[in-house]
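Source file: structure-v1.cif; contents: mmCIF, C-alpha atoms.
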```cif
data_model
#
loop_
_atom_site.label_atom_id
_atom_site.label_comp_id
_atom_site.auth_asym_id
_atom_site.auth_seq_id
_atom_site.Cartn_x
_atom_site.Cartn_y
_atom_site.Cartn_z
CA MET A 26 21.61 -9.52 18.02
CA PRO A 27 19.28 -6.55 17.28
CA THR A 28 16.18 -7.35 15.21
CA ILE A 29 14.07 -4.74 13.40
CA ARG A 30 10.65 -5.92 12.29
CA ILE A 31 9.20 -4.58 9.06
CA PRO A 32 5.72 -3.16 9.86
CA THR A 33 2.57 -4.87 8.64
CA MET A 34 2.22 -2.34 5.83
CA LEU A 35 4.76 -0.73 3.50
CA ASP A 36 3.55 2.78 2.70
CA SER A 37 4.57 6.38 3.23
CA THR A 38 2.98 6.65 6.68
CA THR A 39 4.95 3.79 8.25
CA LEU A 40 8.40 4.77 6.97
CA LEU A 41 9.55 7.21 9.65
CA GLY A 42 9.29 4.86 12.61
CA PHE A 43 11.14 2.17 10.68
CA VAL A 44 13.96 4.52 9.66
CA GLN A 45 14.31 5.71 13.25
CA GLN A 46 14.88 2.08 14.28
CA LEU A 47 17.48 1.65 11.54
CA ARG A 48 19.37 4.75 12.66
CA ALA A 49 19.30 3.60 16.30
CA VAL A 50 21.20 0.37 15.49
CA PHE A 51 23.37 1.60 12.61
CA GLU A 52 26.57 1.61 14.70
CA GLU A 53 25.94 -1.88 16.12
CA LYS A 54 28.92 -4.13 15.48
CA GLU A 55 26.72 -7.19 15.98
CA ASP A 56 24.70 -8.53 13.07
CA VAL A 57 21.40 -6.67 12.62
CA THR A 58 18.39 -8.64 11.39
CA ILE A 59 15.59 -7.07 9.36
CA ASP A 60 12.57 -9.35 9.70
CA PHE A 61 9.72 -9.40 7.15
CA SER A 62 7.58 -11.88 9.10
CA ASP A 63 4.88 -9.32 10.09
CA LEU A 64 4.43 -7.82 6.62
CA VAL A 65 0.92 -8.12 5.14
CA TYR A 66 0.51 -5.31 2.58
CA ALA A 67 2.93 -3.49 0.25
CA PHE A 68 1.91 -0.40 -1.71
CA PRO A 69 3.91 1.13 -4.57
CA ILE A 70 5.28 4.15 -2.71
CA GLY A 71 6.19 1.98 0.26
CA ILE A 72 7.98 -0.54 -1.93
CA LEU A 73 10.34 2.15 -3.22
CA ILE A 74 11.03 4.15 -0.08
CA PHE A 75 11.37 1.16 2.25
CA GLY A 76 13.53 -0.60 -0.31
CA ARG A 77 15.79 2.39 -0.71
CA ASN A 78 16.29 2.79 3.03
CA VAL A 79 16.99 -0.90 3.63
CA ARG A 80 19.44 -0.96 0.74
CA ARG A 81 21.27 2.13 1.96
CA PHE A 82 21.38 0.84 5.55
CA ALA A 83 22.84 -2.51 4.50
CA SER A 84 25.32 -0.95 2.05
CA LEU A 85 26.69 1.57 4.55
CA ARG A 86 27.04 -1.10 7.24
CA ARG A 87 28.80 -3.41 4.79
CA ALA A 88 31.30 -0.62 4.08
CA ARG A 89 32.13 -0.73 7.81
CA ASN A 90 32.36 -4.55 7.78
CA PHE A 91 29.08 -4.88 9.72
CA GLU A 92 26.54 -7.50 8.62
CA THR A 93 22.83 -7.05 7.95
CA ILE A 94 20.68 -10.18 7.76
CA VAL A 95 17.23 -10.40 6.16
CA SER A 96 14.73 -12.94 7.50
CA GLY A 97 11.07 -13.83 6.91
CA HIS A 98 11.42 -13.28 3.17
CA ASN A 99 11.53 -16.88 1.97
CA LYS A 100 8.04 -18.12 2.86
CA ALA A 101 6.47 -18.91 -0.50
CA ASP A 102 2.98 -19.33 1.03
CA ARG A 103 2.77 -15.60 1.87
CA ALA A 104 1.24 -13.64 -1.00
CA VAL A 105 2.97 -10.36 -0.15
CA ILE A 106 6.40 -12.02 -0.15
CA GLY A 107 5.73 -13.64 -3.52
CA TYR A 108 4.57 -10.29 -4.90
CA LEU A 109 7.65 -8.43 -3.65
CA ASN A 110 9.91 -11.13 -4.99
CA HIS A 111 8.23 -10.98 -8.40
CA VAL A 112 8.45 -7.19 -8.79
CA GLY A 113 12.16 -7.21 -7.89
CA PHE A 114 12.04 -5.82 -4.35
CA PHE A 115 14.54 -8.23 -2.80
CA SER A 116 16.97 -7.69 -5.64
CA PHE A 117 16.42 -3.93 -5.18
CA ILE A 118 17.63 -4.21 -1.56
CA LEU A 119 20.70 -6.12 -2.84
CA LEU A 120 19.66 -9.53 -1.55
CA ALA A 121 21.27 -12.34 -3.53
CA GLY A 122 19.33 -15.24 -5.03
CA HIS A 123 16.20 -13.34 -6.05
CA PRO A 124 14.87 -12.21 -9.47
CA GLU A 125 16.81 -9.23 -10.81
CA LEU A 126 15.25 -5.88 -11.64
CA GLY A 127 13.79 -6.19 -15.12
CA ALA A 128 13.20 -9.94 -14.93
CA ALA A 129 9.45 -9.29 -14.70
CA LYS A 130 8.23 -7.32 -17.71
CA GLY A 131 4.96 -6.10 -16.22
CA SER A 132 1.43 -6.34 -17.57
CA GLY A 133 -1.84 -4.46 -17.73
CA ARG A 134 -2.03 -4.79 -13.96
CA TYR A 135 1.37 -3.74 -12.67
CA ILE A 136 4.75 -2.14 -13.35
CA PRO A 137 7.58 -3.96 -11.55
CA ILE A 138 10.36 -1.91 -9.99
CA ARG A 139 12.07 -0.28 -12.92
CA ARG A 140 15.18 1.86 -13.02
CA VAL A 141 14.86 4.69 -15.58
CA ALA A 142 18.27 6.18 -16.32
CA ARG A 143 18.61 9.89 -16.92
CA PRO A 144 18.79 10.32 -20.71
CA GLU A 145 21.84 12.01 -22.22
CA GLN A 146 19.54 14.66 -23.69
CA PHE A 147 18.86 16.06 -20.21
CA VAL A 148 22.58 16.31 -19.55
CA ARG A 149 23.10 18.26 -22.77
CA GLY A 150 20.15 20.52 -22.02
CA SER A 151 18.32 19.87 -25.31
CA SER A 152 14.70 20.84 -24.63
CA ALA A 153 13.00 19.14 -27.59
CA GLU A 154 15.01 15.92 -27.29
CA SER A 155 14.60 15.85 -23.51
CA TYR A 156 10.85 16.19 -23.83
CA ALA A 157 10.71 13.42 -26.44
CA GLU A 158 12.65 11.05 -24.18
CA ALA A 159 10.32 11.73 -21.24
CA VAL A 160 7.28 11.12 -23.44
CA LYS A 161 8.72 7.86 -24.77
CA GLU A 162 9.27 6.52 -21.25
CA ALA A 163 5.87 7.76 -20.09
CA GLU A 164 4.00 6.08 -22.93
CA GLY A 165 5.66 2.76 -22.20
CA LEU A 166 4.91 2.93 -18.48
CA ALA A 167 1.31 4.03 -18.94
CA GLY A 168 0.71 1.34 -21.55
CA LEU A 169 1.83 -1.34 -19.12
CA LEU A 170 -0.39 -0.07 -16.36
CA VAL A 171 -3.70 0.30 -18.20
CA GLY A 172 -3.35 -2.61 -20.60
CA GLY A 173 -4.45 -0.85 -23.79
CA VAL A 174 -8.19 -1.57 -23.39
CA PRO A 175 -10.29 1.04 -25.26
CA GLU A 176 -12.27 1.92 -22.13
CA THR A 177 -9.04 2.96 -20.45
CA TRP A 178 -8.13 5.68 -22.98
CA GLU A 179 -8.72 8.55 -20.55
CA ALA A 180 -6.71 6.72 -17.88
CA TYR A 181 -3.93 6.15 -20.40
CA GLN A 182 -3.82 9.86 -21.26
CA ALA A 183 -3.75 10.77 -17.58
CA PHE A 184 -0.88 8.43 -16.74
CA VAL A 185 1.20 9.36 -19.78
CA TYR A 186 0.94 12.96 -18.60
CA CYS A 187 1.73 12.04 -14.99
CA PHE A 188 4.78 9.93 -15.79
CA LYS A 189 6.05 12.53 -18.25
CA GLU A 190 5.85 15.34 -15.72
CA ILE A 191 7.33 13.35 -12.83
CA LEU A 192 10.27 12.08 -14.90
CA ARG A 193 10.93 15.56 -16.26
CA ASN A 194 11.03 16.89 -12.71
CA VAL A 195 13.47 14.19 -11.62
CA PHE A 196 15.86 14.67 -14.51
CA GLU A 197 15.69 18.47 -14.69
CA HIS A 198 15.94 19.30 -11.00
CA SER A 199 17.23 16.46 -8.80
CA ASN A 200 20.68 15.88 -10.32
CA ALA A 201 19.94 12.17 -9.87
CA GLY A 202 21.30 9.74 -12.43
CA ALA A 203 18.14 7.63 -12.41
CA ALA A 204 14.57 7.37 -11.20
CA PHE A 205 12.85 4.25 -9.87
CA VAL A 206 9.25 3.55 -10.86
CA VAL A 207 6.63 1.04 -9.71
CA GLY A 208 2.86 0.84 -10.24
CA GLN A 209 -0.18 -1.30 -9.50
CA ARG A 210 -3.73 -1.52 -10.81
CA TRP A 211 -5.88 -3.13 -8.10
CA GLN A 212 -8.91 -5.37 -8.60
CA ASN A 213 -11.29 -2.57 -7.58
CA GLY A 214 -10.04 -0.49 -10.54
CA SER A 215 -7.95 2.00 -8.57
CA VAL A 216 -4.40 2.65 -9.78
CA GLU A 217 -1.32 3.64 -7.80
CA VAL A 218 2.04 4.78 -9.17
CA ALA A 219 5.20 5.89 -7.41
CA VAL A 220 8.44 7.44 -8.62
CA MET A 221 11.52 7.94 -6.45
CA ASP A 222 14.95 9.48 -6.88
CA GLU A 223 18.03 9.72 -4.70
CA GLY A 224 18.97 13.24 -5.73
CA ARG A 225 19.51 16.50 -3.87
CA GLY A 226 15.90 16.99 -2.75
CA ILE A 227 13.32 19.72 -3.31
CA ARG A 228 14.72 22.28 -0.89
CA ALA A 229 18.15 22.31 -2.53
CA SER A 230 16.60 22.53 -5.99
CA LEU A 231 14.19 25.39 -5.22
CA ALA A 232 16.94 27.27 -3.36
CA GLU A 233 18.13 28.46 -6.78
CA SER A 234 15.05 30.73 -6.90
CA PHE A 235 13.51 30.83 -3.40
CA PRO A 236 15.08 31.37 0.07
CA LEU A 237 13.40 28.40 1.78
CA VAL A 238 14.38 27.58 5.36
CA SER A 239 13.03 24.03 5.80
CA ASP A 240 12.04 20.88 3.92
CA ASP A 241 8.45 21.42 5.10
CA GLU A 242 8.36 24.87 3.48
CA ALA A 243 10.00 23.56 0.31
CA VAL A 244 7.52 20.71 -0.16
CA ARG A 245 4.56 23.03 0.39
CA HIS A 246 6.07 25.50 -2.09
CA ALA A 247 6.73 22.84 -4.74
CA VAL A 248 3.03 22.19 -5.44
CA LEU A 249 2.17 25.86 -5.96
CA PRO A 250 1.58 26.89 -9.61
CA GLY A 251 4.54 28.56 -11.25
CA VAL A 252 7.09 27.40 -8.67
CA SER A 253 10.30 25.89 -10.03
CA ARG A 254 14.03 26.21 -9.49
CA THR A 255 14.05 28.18 -12.78
CA THR A 256 11.30 30.64 -11.73
CA LYS A 257 13.82 33.46 -11.25
CA SER A 258 16.50 32.15 -13.58
CA ARG A 259 17.27 33.07 -17.15
CA GLN A 260 18.68 29.59 -17.80
CA ASN A 261 15.50 27.60 -18.39
CA LEU A 262 16.85 25.03 -20.82
CA HIS A 263 13.92 22.63 -20.59
CA ASP A 264 10.95 25.01 -20.94
CA ASN A 265 10.04 24.50 -17.29
CA SER A 266 7.19 26.60 -15.90
CA GLY A 267 6.57 25.00 -12.50
CA PHE A 268 3.12 23.57 -13.24
CA GLY A 269 3.82 19.82 -13.32
CA LEU A 270 3.57 19.02 -9.60
CA PHE A 271 0.67 21.46 -9.25
CA VAL A 272 -1.33 19.57 -11.88
CA LEU A 273 -0.52 16.20 -10.28
CA SER A 274 -1.53 17.45 -6.83
CA GLU A 275 -4.85 18.69 -8.21
CA MET A 276 -5.46 15.32 -9.87
CA GLY A 277 -4.94 13.69 -6.48
CA ARG A 278 -7.29 16.23 -4.88
CA CYS A 279 -10.02 15.48 -7.45
CA TYR A 280 -9.64 11.75 -8.05
CA GLY A 281 -7.73 10.08 -5.23
CA GLU A 282 -4.53 10.99 -3.41
CA PHE A 283 -1.21 12.70 -4.15
CA THR A 284 1.91 12.33 -2.00
CA LEU A 285 5.17 14.29 -2.22
CA GLY A 286 8.08 13.62 0.11
CA SER A 287 11.59 15.00 0.23
CA ASN A 288 14.26 14.60 2.90
CA THR A 289 12.36 15.22 6.17
CA ALA A 290 8.93 16.43 4.98
CA MET A 291 5.96 14.74 3.31
CA LEU A 292 2.79 16.33 1.97
CA THR A 293 -0.44 14.47 1.21
CA ILE A 294 -3.36 15.93 -0.73
CA ALA A 295 -6.45 13.73 -0.97
CA ARG A 296 -10.04 14.03 -2.11
CA ASP A 297 -12.36 15.47 0.57
CA LYS A 298 -9.48 15.91 3.04
CA PRO A 299 -7.38 18.89 4.13
CA LEU A 300 -3.73 19.08 3.12
CA GLU A 301 -1.64 17.03 5.55
CA MET A 302 2.05 17.42 6.42
CA GLN A 303 4.06 14.69 8.14
CA GLU A 304 7.66 14.11 9.08
CA THR A 305 9.49 11.53 6.98
CA TYR A 306 13.04 10.55 6.17
CA HIS A 307 14.23 10.03 2.60
CA ARG A 308 17.34 11.47 1.00
CA GLY A 309 15.95 12.58 -2.31
CA THR A 310 12.34 12.90 -3.45
CA TYR A 311 9.38 10.59 -3.96
CA VAL A 312 6.03 11.15 -5.66
CA GLY A 313 2.95 8.96 -5.33
CA LEU A 314 -0.40 9.24 -7.09
CA LYS A 315 -3.43 7.09 -6.36
CA MET A 316 -6.51 7.43 -8.56
CA THR A 317 -9.74 5.76 -7.54
CA GLN A 318 -11.67 7.44 -10.36
CA PHE A 319 -10.69 8.86 -13.75
CA PRO A 320 -11.80 11.99 -15.63
CA HIS A 321 -14.22 11.57 -18.51
CA ASN A 322 -12.26 14.14 -20.48
CA PHE A 323 -8.64 14.48 -19.38
CA SER A 324 -7.83 17.23 -21.88
CA SER A 325 -10.61 19.42 -20.50
CA LEU A 326 -9.55 18.66 -16.92
CA LEU A 327 -5.95 19.65 -17.69
CA ASP A 328 -7.07 22.95 -19.21
CA ASP A 329 -9.23 23.72 -16.17
CA ILE A 330 -6.43 22.94 -13.69
CA ILE A 331 -3.86 25.04 -15.56
CA GLU A 332 -6.21 28.00 -15.98
CA SER A 333 -6.95 27.88 -12.25
CA GLY A 334 -3.23 27.68 -11.49
CA GLU A 335 -2.41 30.65 -13.71
CA ARG A 336 -5.04 32.73 -11.92
CA ASP A 337 -3.64 31.73 -8.51
CA ALA A 338 -0.10 32.54 -9.66
CA ALA A 339 -1.22 35.95 -10.90
CA ILE A 340 -2.90 36.71 -7.56
CA ALA A 341 0.38 35.77 -5.85
CA GLY A 342 2.19 38.23 -8.11
CA MET A 343 4.17 35.60 -10.00
CA ARG A 344 2.73 36.21 -13.48
CA ALA A 345 3.48 32.61 -14.34
CA LYS A 346 2.14 30.90 -17.43
CA ALA A 347 2.19 27.15 -18.01
CA SER A 348 4.63 26.14 -20.72
CA ALA A 349 3.55 24.38 -23.90
CA SER A 350 5.02 21.12 -22.59
CA SER A 351 3.05 21.38 -19.33
CA ARG A 352 -0.14 21.87 -21.35
CA ASP A 353 0.62 19.10 -23.79
CA ILE A 354 -0.97 15.66 -23.81
CA PRO A 355 1.53 14.04 -26.20
CA PHE A 356 -0.59 12.26 -28.79
#
```

As structure tokens, what does this structure read like?
Amino acid sequence: MPTIRIPTMLDSTTLLGFVQQLRAVFEEKEDVTIDFSDLVYAFPIGILIFGRNVRRFASLRRARNFETIVSGHNKADRAVIGYLNHVGFFSFILLAGHPELGAAKGSGRYIPIRRVARPEQFVRGSSAESYAEAVKEAEGLAGLLVGGVPETWEAYQAFVYCFKEILRNVFEHSNAGAAFVVGQRWQNGSVEVAVMDEGRGIRASLAESFPLVSDDEAVRHAVLPGVSRTTKSRQNLHDNSGFGLFVLSEMGRCYGEFTLGSNTAMLTIARDKPLEMQETYHRGTYVGLKMTQFPHNFSSLLDDIIESGERDAAIAGMRAKASASSRDIPF
């Protein structure tokens, strides 16, 4: 009976090797075991993308009447297993007998796995209502993560903006019916958030305006200022200007780390490091942002980033300007 061992760490860098093992045994008619015994650490982005791939693997095998068994997940003395159980990971991978998604409400230290359904306003194409729905979700998520302490006001502003822009991107461009969100504030004060969808991916979205030939090219293109599927379209129902991912990537560059993955390509932008591209495997798109520090004045930082992006876009001949919604900190 084939056994695939979960690596010691769930994050974006360990996904590819694991998925390659899943694909190698997918056609096995014997039971396949996925063993969590070696797992030590689980980070937000890893929780979502590993969970999604395990769930899809097990679901597709079940459709062929093949069994997938999970082991090493019921040892209560292992902190990482208790954590994953609490945030809804084992329910997320469709394992019976574990707390359902939404059972944990979250706190000032974490956001459990949460499914955010695409609001009807995005389907109808109502710009003002769509924006209001994204802001409402973002405020709730950011409030959970920073706990409402006065000293965290700048962090709260930053994460409301981040969640708003990521959710808008998912619902405007991916064609996905929902996004999945998880977040963690660690004891050292750093904060990590991750958002994932199972939509059409960045390359297919940007193809409406740009003739991109690979996922690698599409992911690199997506973080440039002024780049959006609506860049060359007259049908821009949601006031999209292509600055959201650019701003988030610059926040990662200045204060921690930004990760963007779609289909077979993943980009990482981190403070004091060159841009890094890696191969990955995820049908859809995921975004991760880790912040080890926070701006003293987020409004001023946002203005500086957008002004820099508009200059870069002009040099590239795009003549792009950030929309009012991309400039807005919704308070």

> Which is closest to Ser96 of chain A among A:Ser234, A:Thr28, A:Gln182, A:Ser84, if we use only C-alpha atoms?
Replying inline: A:Thr28

>> Taking the file as I've supplied it (selection: the PyMOL selection byres ((chain A and resi 335) around 12)), which residues are included? Please answer as a PyMOL selection string.
In response: chain A and resi 249-252+266-268+271-272+328-334+336-348+352

So that I can see what lies close to His98 of chain A, please list as a CSV table (one decimal) with C-alpha atoms, in the coordinates of the input the residues with an atom at most 8 Å from it, counting all atoms listed in the file and leaving out residues fewer than 2 positions away in the same chain.
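That gives us around-v2.csv:
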```csv
chain,number,residue,atom,x,y,z
A,60,ASP,CA,12.6,-9.4,9.7
A,61,PHE,CA,9.7,-9.4,7.2
A,62,SER,CA,7.6,-11.9,9.1
A,95,VAL,CA,17.2,-10.4,6.2
A,96,SER,CA,14.7,-12.9,7.5
A,100,LYS,CA,8.0,-18.1,2.9
A,106,ILE,CA,6.4,-12.0,-0.2
```

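Take atom CA of Val105 of chain A and atom CA of Ile74 of chain A: the distance between them is 16.6 Å.
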
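What separates atom CA of Ala167 of chain A from atom CA of Ser274 of chain A is a distance of 18.3 Å.
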
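The spacing separating atom CA of Leu64 of chain A from atom CA of Gly226 of chain A amounts to 28.9 Å.
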